[in-house]
$ cat entry.cif   # mmCIF, C-alpha atoms
data_run
#
loop_
_atom_site.label_atom_id
_atom_site.label_comp_id
_atom_site.auth_asym_id
_atom_site.auth_seq_id
_atom_site.Cartn_x
_atom_site.Cartn_y
_atom_site.Cartn_z
CA MET P 875 142.94 4.93 -28.15
CA PRO P 876 140.85 4.26 -25.01
CA ILE P 877 140.84 0.73 -23.65
CA SER P 878 137.70 -1.38 -24.06
CA TYR P 879 136.66 -3.78 -21.30
CA SER P 880 135.13 -7.25 -21.33
CA LEU P 881 133.34 -8.70 -18.30
CA GLU P 882 133.68 -12.39 -17.51
CA LEU P 883 130.51 -14.47 -17.30
CA PRO P 884 131.37 -16.48 -14.14
CA THR P 885 130.10 -19.81 -15.46
CA GLN P 886 133.14 -21.65 -14.05
CA ARG P 887 131.65 -21.15 -10.55
CA ILE P 888 130.16 -24.64 -10.36
CA GLU P 889 130.12 -24.61 -6.55
CA ALA P 890 126.86 -22.64 -6.81
CA PRO P 891 125.31 -23.54 -10.18
CA ALA P 892 121.95 -21.87 -9.56
CA GLU P 893 123.76 -18.66 -8.70
CA PHE P 894 126.36 -18.63 -11.48
CA VAL P 895 125.73 -21.39 -14.03
CA SER P 896 122.16 -20.84 -15.13
CA ALA P 897 120.33 -19.10 -17.93
CA ALA P 898 119.14 -16.45 -15.49
CA ALA P 899 122.69 -15.82 -14.24
CA ILE P 900 124.13 -15.42 -17.74
CA ALA P 901 121.29 -13.11 -18.76
CA GLU P 902 121.57 -10.96 -15.64
CA VAL P 903 125.35 -10.55 -15.74
CA ALA P 904 125.41 -9.92 -19.50
CA SER P 905 122.61 -7.35 -19.27
CA ALA P 906 124.34 -5.60 -16.38
CA ALA P 907 127.60 -5.51 -18.34
CA GLU P 908 125.88 -3.93 -21.33
CA ALA P 909 124.14 -1.33 -19.17
CA ALA P 910 127.40 -0.46 -17.38
CA GLY P 911 129.26 0.20 -20.63
CA TYR P 912 131.39 -2.91 -21.00
CA ALA P 913 132.24 -3.55 -24.64
CA ALA P 914 132.01 -7.35 -24.38
CA VAL P 915 131.32 -10.33 -22.17
CA HIS P 916 133.54 -13.39 -22.34
CA VAL P 917 133.82 -17.08 -21.51
CA THR P 918 136.52 -19.72 -21.93
CA ASP P 919 136.66 -23.22 -23.43
CA HIS P 920 137.36 -26.52 -21.65
CA PRO P 921 135.24 -29.35 -23.06
CA ALA P 922 137.11 -32.17 -21.28
CA PRO P 923 139.17 -30.88 -18.32
CA ASP P 924 141.03 -33.56 -16.38
CA ALA P 925 140.64 -34.09 -12.64
CA LYS P 926 144.30 -33.42 -11.79
CA TRP P 927 144.19 -30.01 -13.45
CA LEU P 928 140.84 -29.18 -11.83
CA ASP P 929 142.18 -30.19 -8.41
CA HIS P 930 145.21 -27.92 -8.79
CA GLY P 931 143.61 -24.63 -9.80
CA GLY P 932 141.87 -25.47 -13.07
CA HIS P 933 138.23 -24.66 -13.74
CA HIS P 934 135.14 -25.92 -15.49
CA ALA P 935 133.58 -24.22 -18.51
CA LEU P 936 130.33 -24.39 -20.42
CA ASP P 937 130.47 -24.76 -24.17
CA PRO P 938 131.45 -21.22 -25.19
CA PHE P 939 128.96 -20.88 -28.04
CA VAL P 940 126.03 -22.17 -25.99
CA ALA P 941 126.88 -19.83 -23.10
CA LEU P 942 127.37 -16.82 -25.37
CA SER P 943 124.10 -17.61 -27.16
CA PHE P 944 122.27 -17.07 -23.88
CA ALA P 945 124.17 -13.81 -23.38
CA ALA P 946 123.32 -12.72 -26.92
CA ALA P 947 119.62 -13.40 -26.40
CA ALA P 948 119.59 -11.20 -23.28
CA THR P 949 121.40 -8.22 -24.82
CA THR P 950 121.38 -6.01 -27.90
CA ASP P 951 124.78 -4.56 -28.73
CA ILE P 952 127.48 -5.96 -26.45
CA LYS P 953 130.19 -8.06 -28.10
CA LEU P 954 130.57 -11.77 -27.38
CA LEU P 955 134.18 -12.86 -26.82
CA THR P 956 135.65 -16.35 -26.65
CA ASN P 957 138.60 -15.97 -24.30
CA VAL P 958 139.83 -18.33 -25.54
CA TYR P 959 138.38 -20.91 -27.92
CA ILE P 960 140.64 -23.89 -28.68
CA ALA P 961 139.90 -24.49 -32.35
CA ALA P 962 141.98 -27.70 -32.53
CA TYR P 963 139.55 -29.46 -30.18
CA ARG P 964 136.94 -29.63 -32.95
CA ASN P 965 136.75 -30.60 -36.57
CA PRO P 966 137.28 -27.29 -38.41
CA PHE P 967 133.84 -27.43 -40.02
CA LEU P 968 132.06 -28.14 -36.74
CA GLY P 969 133.90 -25.26 -35.11
CA ALA P 970 133.18 -22.97 -38.04
CA LYS P 971 129.50 -23.96 -37.95
CA SER P 972 129.21 -22.89 -34.30
CA ILE P 973 130.94 -19.59 -35.04
CA HIS P 974 128.89 -19.02 -38.19
CA SER P 975 125.61 -19.78 -36.39
CA LEU P 976 126.20 -17.47 -33.45
CA GLN P 977 127.55 -14.71 -35.69
CA VAL P 978 124.34 -14.88 -37.75
CA LEU P 979 121.95 -15.08 -34.78
CA SER P 980 123.69 -12.41 -32.69
CA GLY P 981 123.79 -9.83 -35.45
CA ALA P 982 127.56 -10.14 -36.00
CA ARG P 983 128.64 -9.53 -32.41
CA LEU P 984 131.26 -12.26 -32.03
CA ILE P 985 134.97 -11.77 -31.37
CA ILE P 986 136.88 -15.04 -31.69
CA GLY P 987 139.75 -15.22 -29.27
CA THR P 988 141.54 -18.46 -30.07
CA ALA P 989 144.78 -20.22 -29.24
CA ALA P 990 146.67 -23.45 -29.81
CA GLY P 991 145.93 -24.75 -26.29
CA TYR P 992 148.15 -26.22 -23.61
CA LEU P 993 146.30 -28.98 -21.67
CA LYS P 994 147.80 -32.20 -22.97
CA PRO P 995 145.29 -34.48 -21.11
CA GLU P 996 142.39 -32.56 -22.64
CA PHE P 997 143.79 -33.08 -26.13
CA ARG P 998 144.25 -36.76 -25.34
CA ALA P 999 140.67 -37.10 -24.08
CA LEU P 1000 139.38 -35.58 -27.31
CA GLY P 1001 141.58 -37.73 -29.53
CA ILE P 1002 143.58 -34.79 -30.85
CA ASP P 1003 147.32 -34.77 -31.56
CA PHE P 1004 148.74 -32.34 -29.00
CA ASP P 1005 152.06 -31.95 -30.81
CA ASN P 1006 150.27 -30.88 -34.00
CA ARG P 1007 148.06 -28.26 -32.32
CA GLY P 1008 149.62 -25.25 -34.06
CA ALA P 1009 149.05 -26.72 -37.51
CA LEU P 1010 145.51 -27.72 -36.53
CA LEU P 1011 144.79 -24.14 -35.45
CA ASP P 1012 146.03 -22.90 -38.82
CA GLU P 1013 143.75 -25.38 -40.61
CA ALA P 1014 140.79 -24.23 -38.54
CA LEU P 1015 141.51 -20.58 -39.38
CA ASP P 1016 141.81 -21.44 -43.07
CA VAL P 1017 138.42 -23.17 -43.07
CA LEU P 1018 136.81 -20.40 -41.02
CA ASP P 1019 138.01 -17.72 -43.45
CA LYS P 1020 136.41 -19.59 -46.36
CA VAL P 1021 133.18 -20.37 -44.48
CA LEU P 1022 132.63 -16.75 -43.53
CA SER P 1023 133.40 -15.50 -47.04
CA GLY P 1024 130.47 -17.49 -48.40
CA GLU P 1025 132.54 -19.28 -51.03
CA ASP P 1026 132.27 -22.99 -51.71
CA ILE P 1027 135.04 -24.78 -49.88
CA ALA P 1028 137.40 -27.42 -51.18
CA TYR P 1029 140.02 -28.21 -48.55
CA GLU P 1030 142.30 -31.16 -47.90
CA GLY P 1031 143.15 -31.26 -44.20
CA THR P 1032 145.27 -33.58 -42.10
CA SER P 1033 142.27 -35.73 -41.15
CA PHE P 1034 139.44 -34.51 -43.39
CA ALA P 1035 138.69 -33.68 -47.00
CA ALA P 1036 135.99 -31.23 -48.11
CA ARG P 1037 134.59 -30.72 -51.59
CA GLY P 1038 132.06 -28.01 -52.28
CA VAL P 1039 131.00 -27.29 -48.67
CA ARG P 1040 128.69 -24.26 -48.52
CA LEU P 1041 127.22 -22.56 -45.40
CA ARG P 1042 124.28 -20.16 -45.54
CA PRO P 1043 123.27 -17.52 -44.68
CA VAL P 1044 126.50 -15.59 -44.89
CA PRO P 1045 126.96 -13.43 -41.76
CA ALA P 1046 126.82 -9.68 -42.23
CA ALA P 1047 130.49 -9.51 -41.20
CA ALA P 1048 133.23 -11.91 -40.25
CA PRO P 1049 134.18 -11.81 -36.56
CA PRO P 1050 137.59 -10.40 -35.65
CA ILE P 1051 140.12 -13.12 -34.85
CA TRP P 1052 142.42 -12.61 -31.86
CA VAL P 1053 145.17 -15.17 -31.43
CA GLY P 1054 146.17 -15.92 -27.84
CA GLY P 1055 149.47 -17.02 -26.35
CA ASN P 1056 152.78 -15.49 -25.37
CA SER P 1057 155.15 -17.51 -27.55
CA LYS P 1058 156.78 -16.14 -30.67
CA PRO P 1059 154.74 -18.51 -32.91
CA ALA P 1060 151.52 -17.22 -31.30
CA VAL P 1061 152.55 -13.61 -31.90
CA ARG P 1062 153.51 -14.33 -35.50
CA ARG P 1063 150.17 -16.06 -36.09
CA ALA P 1064 148.29 -13.11 -34.57
CA VAL P 1065 150.16 -10.53 -36.65
CA THR P 1066 149.96 -12.44 -39.94
CA ARG P 1067 146.47 -13.96 -39.65
CA GLY P 1068 144.39 -12.05 -37.13
CA GLN P 1069 143.02 -8.71 -36.11
CA GLY P 1070 144.35 -9.00 -32.59
CA TRP P 1071 146.75 -10.66 -30.18
CA ALA P 1072 145.79 -11.91 -26.71
CA PRO P 1073 148.79 -12.27 -24.39
CA PHE P 1074 148.05 -13.29 -20.81
CA ASN P 1075 149.60 -12.89 -17.40
CA THR P 1076 151.25 -16.20 -16.55
CA PHE P 1077 151.58 -15.47 -12.80
CA GLY P 1078 154.64 -17.72 -12.70
CA TYR P 1079 152.81 -20.62 -14.36
CA ALA P 1080 154.45 -20.34 -17.77
CA THR P 1081 155.74 -23.91 -17.60
CA ALA P 1082 152.29 -25.36 -16.88
CA SER P 1083 150.70 -23.26 -19.61
CA ARG P 1084 153.51 -24.07 -22.08
CA THR P 1085 154.05 -20.49 -23.16
CA ALA P 1086 156.49 -17.66 -22.54
CA GLU P 1087 156.50 -15.80 -19.25
CA ILE P 1088 154.59 -12.52 -19.03
CA SER P 1089 154.14 -11.82 -15.32
CA THR P 1090 155.12 -8.15 -15.15
CA LEU P 1091 154.30 -5.02 -17.10
CA ASP P 1092 157.95 -4.80 -18.17
CA GLU P 1093 157.66 -8.25 -19.77
CA LEU P 1094 154.39 -7.29 -21.43
CA GLU P 1095 155.85 -4.08 -22.84
CA SER P 1096 158.81 -6.00 -24.22
CA ALA P 1097 156.50 -8.56 -25.86
CA ILE P 1098 154.29 -5.86 -27.39
CA SER P 1099 157.37 -4.10 -28.74
CA TRP P 1100 158.49 -7.36 -30.37
CA ALA P 1101 155.01 -7.85 -31.89
CA LYS P 1102 154.96 -4.31 -33.29
CA ASN P 1103 158.45 -4.69 -34.74
CA TYR P 1104 157.42 -7.96 -36.36
CA ALA P 1105 154.32 -6.31 -37.83
CA THR P 1106 156.52 -3.59 -39.33
CA GLU P 1107 158.97 -6.19 -40.61
CA ILE P 1108 156.29 -8.05 -42.59
CA GLY P 1109 154.62 -4.85 -43.81
CA ARG P 1110 151.42 -5.01 -41.78
CA THR P 1111 149.61 -1.66 -41.86
CA GLU P 1112 146.34 -2.55 -40.13
CA PRO P 1113 146.08 -1.78 -36.39
CA LEU P 1114 146.49 -4.76 -34.06
CA ASP P 1115 144.11 -5.10 -31.13
CA ILE P 1116 145.89 -6.33 -28.00
CA CYS P 1117 143.72 -8.01 -25.37
CA PHE P 1118 145.67 -8.58 -22.15
CA SER P 1119 144.28 -10.69 -19.32
CA ALA P 1120 145.77 -8.62 -16.51
CA GLY P 1121 144.41 -10.73 -13.65
CA ASN P 1122 145.17 -9.37 -10.19
CA LEU P 1123 146.87 -6.26 -11.55
CA LEU P 1124 143.41 -4.63 -11.53
CA ASP P 1125 141.93 -6.24 -8.39
CA ASP P 1126 139.91 -3.85 -6.25
CA SER P 1127 142.24 -4.75 -3.36
CA ARG P 1128 144.65 -2.33 -5.03
CA SER P 1129 144.22 1.41 -4.66
CA THR P 1130 142.33 3.38 -7.28
CA ASP P 1131 145.46 5.40 -8.06
CA GLU P 1132 147.48 2.21 -8.55
CA ARG P 1133 144.88 0.71 -10.85
CA HIS P 1134 144.60 3.93 -12.90
CA ALA P 1135 148.38 4.01 -13.25
CA THR P 1136 148.33 0.39 -14.44
CA VAL P 1137 145.59 1.08 -17.00
CA ASP P 1138 147.44 4.16 -18.26
CA ARG P 1139 150.64 2.16 -18.65
CA LEU P 1140 148.83 -0.65 -20.46
CA ALA P 1141 147.22 1.82 -22.85
CA ALA P 1142 150.56 3.50 -23.52
CA ALA P 1143 152.07 0.10 -24.32
CA GLY P 1144 149.37 -0.56 -26.91
CA VAL P 1145 146.79 -2.65 -25.01
CA THR P 1146 143.31 -2.00 -26.44
CA TRP P 1147 141.19 -4.53 -24.50
CA LEU P 1148 141.16 -5.73 -20.89
CA PRO P 1149 139.08 -8.70 -19.65
CA ILE P 1150 137.76 -8.11 -16.13
CA ALA P 1151 136.68 -10.85 -13.67
CA PRO P 1152 135.40 -9.38 -10.39
CA ALA P 1153 135.20 -11.66 -7.35
CA GLY P 1154 131.98 -12.16 -5.42
CA ASN P 1155 130.13 -14.61 -3.23
CA ASP P 1156 127.06 -14.33 -5.46
CA ARG P 1157 126.22 -12.75 -8.77
CA ALA P 1158 124.78 -9.64 -7.12
CA GLU P 1159 128.18 -8.95 -5.57
CA ILE P 1160 129.94 -9.59 -8.87
CA ILE P 1161 127.57 -7.18 -10.62
CA ASP P 1162 128.07 -4.55 -7.91
CA ARG P 1163 131.84 -4.76 -8.30
CA ALA P 1164 131.58 -4.73 -12.09
CA GLN P 1165 129.43 -1.61 -11.93
CA ALA P 1166 131.82 0.09 -9.52
CA PHE P 1167 134.74 -0.68 -11.82
CA ALA P 1168 132.79 0.66 -14.81
CA LYS P 1169 132.00 3.93 -13.02
CA GLU P 1170 135.68 4.39 -12.28
CA PHE P 1171 137.26 3.27 -15.55
CA ILE P 1172 134.72 3.17 -18.39
CA ALA P 1173 133.56 6.37 -20.05
CA ASN P 1174 129.86 5.79 -20.82
#

$ encode --input "entry.cif" --output "C-alpha coordinates"
Amino acid sequence: MPISYSLELPTQRIEAPAEFVSAAAIAEVASAAEAAGYAAVHVTDHPAPDAKWLDHGGHHALDPFVALSFAAAATTDIKLLTNVYIAAYRNPFLGAKSIHSLQVLSGARLIIGTAAGYLKPEFRALGIDFDNRGALLDEALDVLDKVLSGEDIAYEGTSFAARGVRLRPVPAAAPPIWVGGNSKPAVRRAVTRGQGWAPFNTFGYATASRTAEISTLDELESAISWAKNYATEIGRTEPLDICFSAGNLLDDSRSTDERHATVDRLAAAGVTWLPIAPAGNDRAEIIDRAQAFAKEFIAN
(Lines of atoms letter the chains of each structure in order from A and count residues from 1; the text may use other names and numbers.)
(Lines give C-alpha, C1' and ligand atoms only; values in the text may rest on other atoms or scores of the structure.)
Protein backbone atom coordinates (compact mmCIF):
# COMPACT_ATOMS: atom_id res chain seq x y z
CA MET A 1 0.00 0.00 0.00
CA PRO A 2 1.46 3.40 -0.97
CA ILE A 3 2.08 5.89 1.82
CA SER A 4 -0.21 8.91 2.10
CA TYR A 5 1.21 12.27 3.20
CA SER A 6 -0.13 15.06 5.38
CA LEU A 7 1.29 18.60 5.25
CA GLU A 8 1.57 20.63 8.43
CA LEU A 9 -0.20 23.98 8.58
CA PRO A 10 2.60 26.02 10.23
CA THR A 11 0.33 27.90 12.63
CA GLN A 12 2.81 27.44 15.49
CA ARG A 13 5.07 30.03 13.78
CA ILE A 14 3.93 32.92 15.97
CA GLU A 15 7.13 34.89 15.33
CA ALA A 16 5.52 36.03 12.06
CA PRO A 17 1.75 35.82 12.57
CA ALA A 18 0.78 37.63 9.37
CA GLU A 19 2.93 35.20 7.41
CA PHE A 20 1.93 31.95 9.12
CA VAL A 21 -0.96 32.46 11.56
CA SER A 22 -3.65 34.09 9.46
CA ALA A 23 -6.70 33.05 7.51
CA ALA A 24 -4.85 33.80 4.28
CA ALA A 25 -1.87 31.65 5.32
CA ILE A 26 -4.01 28.66 6.25
CA ALA A 27 -5.99 28.93 3.02
CA GLU A 28 -2.90 29.26 0.85
CA VAL A 29 -0.97 26.38 2.41
CA ALA A 30 -4.01 24.09 2.49
CA SER A 31 -4.88 24.86 -1.14
CA ALA A 32 -1.28 24.27 -2.22
CA ALA A 33 -1.24 20.95 -0.34
CA GLU A 34 -4.41 19.80 -2.09
CA ALA A 35 -3.09 20.82 -5.51
CA ALA A 36 0.24 19.04 -4.89
CA GLY A 37 -1.45 15.75 -4.01
CA TYR A 38 -1.13 15.64 -0.24
CA ALA A 39 -3.85 13.50 1.30
CA ALA A 40 -4.32 15.71 4.37
CA VAL A 41 -3.26 18.82 6.22
CA HIS A 42 -2.72 18.74 9.97
CA VAL A 43 -2.43 20.82 13.12
CA THR A 44 -1.79 20.07 16.78
CA ASP A 45 -3.51 20.96 20.06
CA HIS A 46 -2.14 23.05 22.95
CA PRO A 47 -4.85 25.23 24.51
CA ALA A 48 -2.80 26.26 27.56
CA PRO A 49 0.94 25.71 27.05
CA ASP A 50 3.14 26.77 29.95
CA ALA A 51 6.01 29.24 29.62
CA LYS A 52 8.72 26.79 30.76
CA TRP A 53 7.77 24.30 28.06
CA LEU A 54 7.53 27.04 25.43
CA ASP A 55 10.96 28.38 26.42
CA HIS A 56 12.54 24.94 26.07
CA GLY A 57 11.36 23.87 22.62
CA GLY A 58 7.58 23.82 22.97
CA HIS A 59 5.26 25.59 20.57
CA HIS A 60 2.00 27.47 20.36
CA ALA A 61 -1.10 26.13 18.60
CA LEU A 62 -4.42 27.49 17.41
CA ASP A 63 -7.56 25.65 18.39
CA PRO A 64 -7.39 22.66 16.02
CA PHE A 65 -11.02 22.75 14.93
CA VAL A 66 -11.00 26.48 14.23
CA ALA A 67 -7.78 26.21 12.22
CA LEU A 68 -8.98 23.18 10.26
CA SER A 69 -12.30 24.92 9.57
CA PHE A 70 -10.39 27.61 7.68
CA ALA A 71 -8.50 24.91 5.78
CA ALA A 72 -11.76 23.13 4.98
CA ALA A 73 -13.33 26.30 3.62
CA ALA A 74 -10.39 26.83 1.24
CA THR A 75 -10.31 23.27 -0.14
CA THR A 76 -12.58 20.58 -1.55
CA ASP A 77 -11.31 17.07 -0.95
CA ILE A 78 -8.20 17.08 1.24
CA LYS A 79 -8.50 15.40 4.64
CA LEU A 80 -8.26 17.38 7.88
CA LEU A 81 -6.09 15.72 10.53
CA THR A 82 -5.71 16.54 14.21
CA ASN A 83 -2.15 15.51 15.00
CA VAL A 84 -2.91 15.22 17.82
CA TYR A 85 -6.06 16.29 19.66
CA ILE A 86 -5.98 15.84 23.45
CA ALA A 87 -9.54 14.76 24.16
CA ALA A 88 -9.10 14.84 27.96
CA TYR A 89 -8.64 18.62 27.87
CA ARG A 90 -12.34 19.09 27.14
CA ASN A 91 -15.65 17.84 28.44
CA PRO A 92 -16.43 14.86 26.17
CA PHE A 93 -19.58 16.49 24.81
CA LEU A 94 -17.84 19.78 24.01
CA GLY A 95 -15.09 17.89 22.23
CA ALA A 96 -17.58 15.72 20.38
CA LYS A 97 -19.56 18.82 19.36
CA SER A 98 -16.47 20.36 17.73
CA ILE A 99 -15.70 17.11 15.91
CA HIS A 100 -19.33 16.63 14.89
CA SER A 101 -19.62 20.21 13.61
CA LEU A 102 -16.49 20.15 11.48
CA GLN A 103 -17.27 16.67 10.16
CA VAL A 104 -20.69 17.93 9.01
CA LEU A 105 -19.45 21.22 7.53
CA SER A 106 -16.38 19.74 5.80
CA GLY A 107 -18.27 16.95 4.08
CA ALA A 108 -16.83 14.21 6.33
CA ARG A 109 -13.16 15.00 5.79
CA LEU A 110 -11.89 14.75 9.37
CA ILE A 111 -9.35 12.27 10.71
CA ILE A 112 -9.13 12.43 14.50
CA GLY A 113 -5.63 11.78 15.72
CA THR A 114 -5.87 11.76 19.50
CA ALA A 115 -3.75 10.82 22.49
CA ALA A 116 -3.74 10.84 26.28
CA GLY A 117 -1.36 13.83 26.46
CA TYR A 118 1.83 14.41 28.41
CA LEU A 119 2.09 18.08 29.52
CA LYS A 120 1.28 17.99 33.22
CA PRO A 121 1.21 21.84 33.61
CA GLU A 122 -1.29 22.10 30.76
CA PHE A 123 -3.59 19.59 32.45
CA ARG A 124 -3.24 21.53 35.69
CA ALA A 125 -4.07 24.84 33.98
CA LEU A 126 -7.23 23.30 32.54
CA GLY A 127 -8.29 21.71 35.82
CA ILE A 128 -7.92 18.17 34.53
CA ASP A 129 -6.58 15.20 36.51
CA PHE A 130 -3.34 14.31 34.75
CA ASP A 131 -3.08 10.87 36.37
CA ASN A 132 -6.54 9.94 35.06
CA ARG A 133 -5.87 11.01 31.46
CA GLY A 134 -6.08 7.52 29.95
CA ALA A 135 -9.50 6.88 31.45
CA LEU A 136 -10.65 10.34 30.38
CA LEU A 137 -9.58 9.59 26.80
CA ASP A 138 -11.59 6.37 26.89
CA GLU A 139 -14.64 8.28 28.14
CA ALA A 140 -14.26 10.82 25.35
CA LEU A 141 -14.05 8.05 22.74
CA ASP A 142 -17.13 6.37 24.20
CA VAL A 143 -19.14 9.60 23.96
CA LEU A 144 -17.83 10.38 20.48
CA ASP A 145 -18.86 6.94 19.18
CA LYS A 146 -22.41 7.49 20.42
CA VAL A 147 -22.62 11.10 19.17
CA LEU A 148 -21.55 10.14 15.67
CA SER A 149 -23.93 7.17 15.54
CA GLY A 150 -26.89 9.50 15.98
CA GLU A 151 -28.30 7.62 18.94
CA ASP A 152 -29.57 9.32 22.08
CA ILE A 153 -26.87 9.25 24.70
CA ALA A 154 -27.14 8.26 28.33
CA TYR A 155 -23.70 8.20 29.91
CA GLU A 156 -22.41 8.44 33.46
CA GLY A 157 -18.87 9.81 33.40
CA THR A 158 -16.35 10.59 36.11
CA SER A 159 -17.42 14.24 36.28
CA PHE A 160 -20.59 14.44 34.17
CA ALA A 161 -23.90 12.68 33.65
CA ALA A 162 -25.86 12.74 30.39
CA ARG A 163 -29.44 11.67 29.80
CA GLY A 164 -30.92 11.70 26.32
CA VAL A 165 -28.32 13.93 24.62
CA ARG A 166 -28.92 14.08 20.86
CA LEU A 167 -26.80 15.85 18.19
CA ARG A 168 -28.08 16.62 14.70
CA PRO A 169 -27.48 16.43 11.80
CA VAL A 170 -25.69 13.11 11.82
CA PRO A 171 -22.50 13.32 9.72
CA ALA A 172 -22.40 11.28 6.53
CA ALA A 173 -19.61 9.17 8.07
CA ALA A 174 -17.75 8.98 11.34
CA PRO A 175 -14.13 10.17 11.16
CA PRO A 176 -11.40 7.57 11.53
CA ILE A 177 -9.82 7.59 14.99
CA TRP A 178 -6.04 7.28 15.24
CA VAL A 179 -4.64 6.89 18.74
CA GLY A 180 -1.21 8.41 19.31
CA GLY A 181 1.59 7.45 21.68
CA ASN A 182 4.35 4.89 21.88
CA SER A 183 3.43 3.14 25.13
CA LYS A 184 1.85 -0.29 25.26
CA PRO A 185 -1.45 1.16 26.61
CA ALA A 186 -1.55 3.58 23.65
CA VAL A 187 -0.98 0.74 21.19
CA ARG A 188 -3.63 -1.42 22.84
CA ARG A 189 -6.12 1.46 22.72
CA ALA A 190 -5.37 2.06 19.04
CA VAL A 191 -5.77 -1.60 18.10
CA THR A 192 -8.92 -2.20 20.14
CA ARG A 193 -10.71 1.13 19.64
CA GLY A 194 -9.38 2.92 16.58
CA GLN A 195 -8.73 2.70 12.88
CA GLY A 196 -5.12 3.75 13.25
CA TRP A 197 -2.09 4.16 15.49
CA ALA A 198 0.15 7.24 15.53
CA PRO A 199 3.60 6.54 16.98
CA PHE A 200 6.08 9.41 16.92
CA ASN A 201 9.82 9.89 16.83
CA THR A 202 10.89 10.85 20.34
CA PHE A 203 14.33 12.19 19.30
CA GLY A 204 15.66 11.25 22.74
CA TYR A 205 12.87 13.13 24.55
CA ALA A 206 10.89 10.09 25.66
CA THR A 207 11.17 11.08 29.32
CA ALA A 208 9.77 14.57 28.70
CA SER A 209 6.96 13.21 26.55
CA ARG A 210 6.21 10.40 29.03
CA THR A 211 6.12 7.67 26.43
CA ALA A 212 8.33 4.87 25.15
CA GLU A 213 11.38 5.61 23.06
CA ILE A 214 11.08 5.40 19.27
CA SER A 215 14.08 7.28 17.87
CA THR A 216 15.28 4.83 15.22
CA LEU A 217 13.68 2.83 12.44
CA ASP A 218 14.70 -0.37 14.25
CA GLU A 219 12.69 0.74 17.29
CA LEU A 220 9.74 1.67 15.10
CA GLU A 221 9.78 -1.69 13.32
CA SER A 222 9.87 -3.48 16.65
CA ALA A 223 6.90 -1.43 17.93
CA ILE A 224 4.88 -2.05 14.76
CA SER A 225 5.60 -5.77 15.02
CA TRP A 226 4.31 -5.74 18.61
CA ALA A 227 1.16 -3.87 17.51
CA LYS A 228 0.49 -6.33 14.70
CA ASN A 229 1.01 -9.31 16.99
CA TYR A 230 -1.38 -7.78 19.52
CA ALA A 231 -3.97 -7.22 16.79
CA THR A 232 -3.69 -10.89 15.81
CA GLU A 233 -3.89 -11.94 19.45
CA ILE A 234 -7.23 -10.16 19.99
CA GLY A 235 -8.63 -11.25 16.63
CA ARG A 236 -8.61 -7.90 14.84
CA THR A 237 -9.10 -8.37 11.10
CA GLU A 238 -9.47 -4.76 9.93
CA PRO A 239 -6.34 -3.05 8.57
CA LEU A 240 -4.61 -0.63 10.95
CA ASP A 241 -3.42 2.71 9.59
CA ILE A 242 -0.04 3.69 11.04
CA CYS A 243 0.79 7.40 10.97
CA PHE A 244 4.43 8.00 11.93
CA SER A 245 5.78 11.48 12.59
CA ALA A 246 9.23 10.85 11.13
CA GLY A 247 10.62 14.33 11.81
CA ASN A 248 14.13 14.90 10.48
CA LEU A 249 14.33 11.46 8.90
CA LEU A 250 12.81 13.05 5.78
CA ASP A 251 14.45 16.50 5.92
CA ASP A 252 15.57 17.80 2.54
CA SER A 253 19.07 18.13 4.02
CA ARG A 254 19.27 14.38 3.43
CA SER A 255 19.92 12.98 -0.02
CA THR A 256 17.04 11.95 -2.24
CA ASP A 257 18.30 8.36 -2.26
CA GLU A 258 18.45 8.32 1.54
CA ARG A 259 14.94 9.69 1.87
CA HIS A 260 13.56 7.21 -0.69
CA ALA A 261 15.23 4.37 1.19
CA THR A 262 13.66 5.61 4.43
CA VAL A 263 10.18 5.84 2.87
CA ASP A 264 10.54 2.35 1.37
CA ARG A 265 11.57 0.95 4.74
CA LEU A 266 8.69 2.69 6.51
CA ALA A 267 6.21 1.33 3.97
CA ALA A 268 7.63 -2.18 4.32
CA ALA A 269 7.21 -1.93 8.09
CA GLY A 270 3.54 -1.05 7.70
CA VAL A 271 3.49 2.76 7.89
CA THR A 272 0.58 4.11 5.82
CA TRP A 273 0.74 7.86 6.60
CA LEU A 274 3.59 10.34 7.04
CA PRO A 275 3.11 13.91 8.34
CA ILE A 276 5.48 16.35 6.62
CA ALA A 277 6.59 19.74 8.03
CA PRO A 278 8.91 21.59 5.63
CA ALA A 279 11.03 24.43 6.99
CA GLY A 280 10.91 27.91 5.50
CA ASN A 281 11.43 31.56 6.31
CA ASP A 282 8.02 32.40 4.88
CA ARG A 283 5.03 30.48 3.63
CA ALA A 284 6.14 30.76 0.00
CA GLU A 285 9.31 28.86 0.88
CA ILE A 286 7.34 26.25 2.82
CA ILE A 287 5.00 25.79 -0.14
CA ASP A 288 7.94 25.51 -2.56
CA ARG A 289 9.53 22.80 -0.42
CA ALA A 290 6.21 21.02 0.01
CA GLN A 291 5.70 21.02 -3.74
CA ALA A 292 9.22 19.75 -4.37
CA PHE A 293 8.67 16.92 -1.89
CA ALA A 294 5.35 16.06 -3.54
CA LYS A 295 6.94 15.88 -7.00
CA GLU A 296 9.54 13.48 -5.66
CA PHE A 297 7.43 11.26 -3.40
CA ILE A 298 3.70 11.61 -4.15
CA ALA A 299 2.19 9.95 -7.19
CA ASN A 300 -0.46 12.41 -8.44

$ atom_distance --input "entry.cif" --atom1 "CA of Gly1031 in chain P" --atom2 "CA of Pro1073 in chain P"
28.0 Å

$ residues_around --input "entry.cif" --residues "Ala999 in chain P" --least-positions-apart "6" --cutoff "12 Å" --atoms "all atoms listed in the file" --output "ChimeraX atom specification"
/P:920-925,963,993

$ write_last_selection --input "entry.cif" --atoms "C-alpha atoms" --output "tab-separated table (two decimals), keeping the file's coordinate frame"
chain	number	residue	atom	x	y	z
P	920	HIS	CA	137.36	-26.52	-21.65
P	921	PRO	CA	135.24	-29.35	-23.06
P	922	ALA	CA	137.11	-32.17	-21.28
P	923	PRO	CA	139.17	-30.88	-18.32
P	924	ASP	CA	141.03	-33.56	-16.38
P	925	ALA	CA	140.64	-34.09	-12.64
P	963	TYR	CA	139.55	-29.46	-30.18
P	993	LEU	CA	146.30	-28.98	-21.67

$ residues_around --input "entry.cif" --residues "range 940-953 of chain P" --least-positions-apart "3" --cutoff "7 Å" --atoms "all atoms listed in the file" --output "list in words"
Ala897, Ile900, Ala901, Ala904, Ser905, Glu908, Ala913, Ala914, Val915, Leu936, Asp937, Leu976, Ser980, Arg983, Leu984 and Ile985 of chain P

$ resolve_selection --input "entry.cif" --expression "the PyMOL selection byres ((chain P and resi 1001-1003) around 12)" --output "list of chain:residue names"
P:Ala922, P:Ile960, P:Ala961, P:Ala962, P:Tyr963, P:Arg964, P:Asn965, P:Ala990, P:Gly991, P:Tyr992, P:Leu993, P:Lys994, P:Pro995, P:Glu996, P:Phe997, P:Arg998, P:Ala999, P:Leu1000, P:Phe1004, P:Asp1005, P:Asn1006, P:Arg1007, P:Gly1008, P:Ala1009, P:Leu1010, P:Leu1011, P:Thr1032, P:Ser1033

$ resolve_selection --input "entry.cif" --expression "the PyMOL selection byres ((chain P and resi 919) around 6)" --output "JSON, numbers by chain"
{"P": [918, 920, 935, 938, 959]}
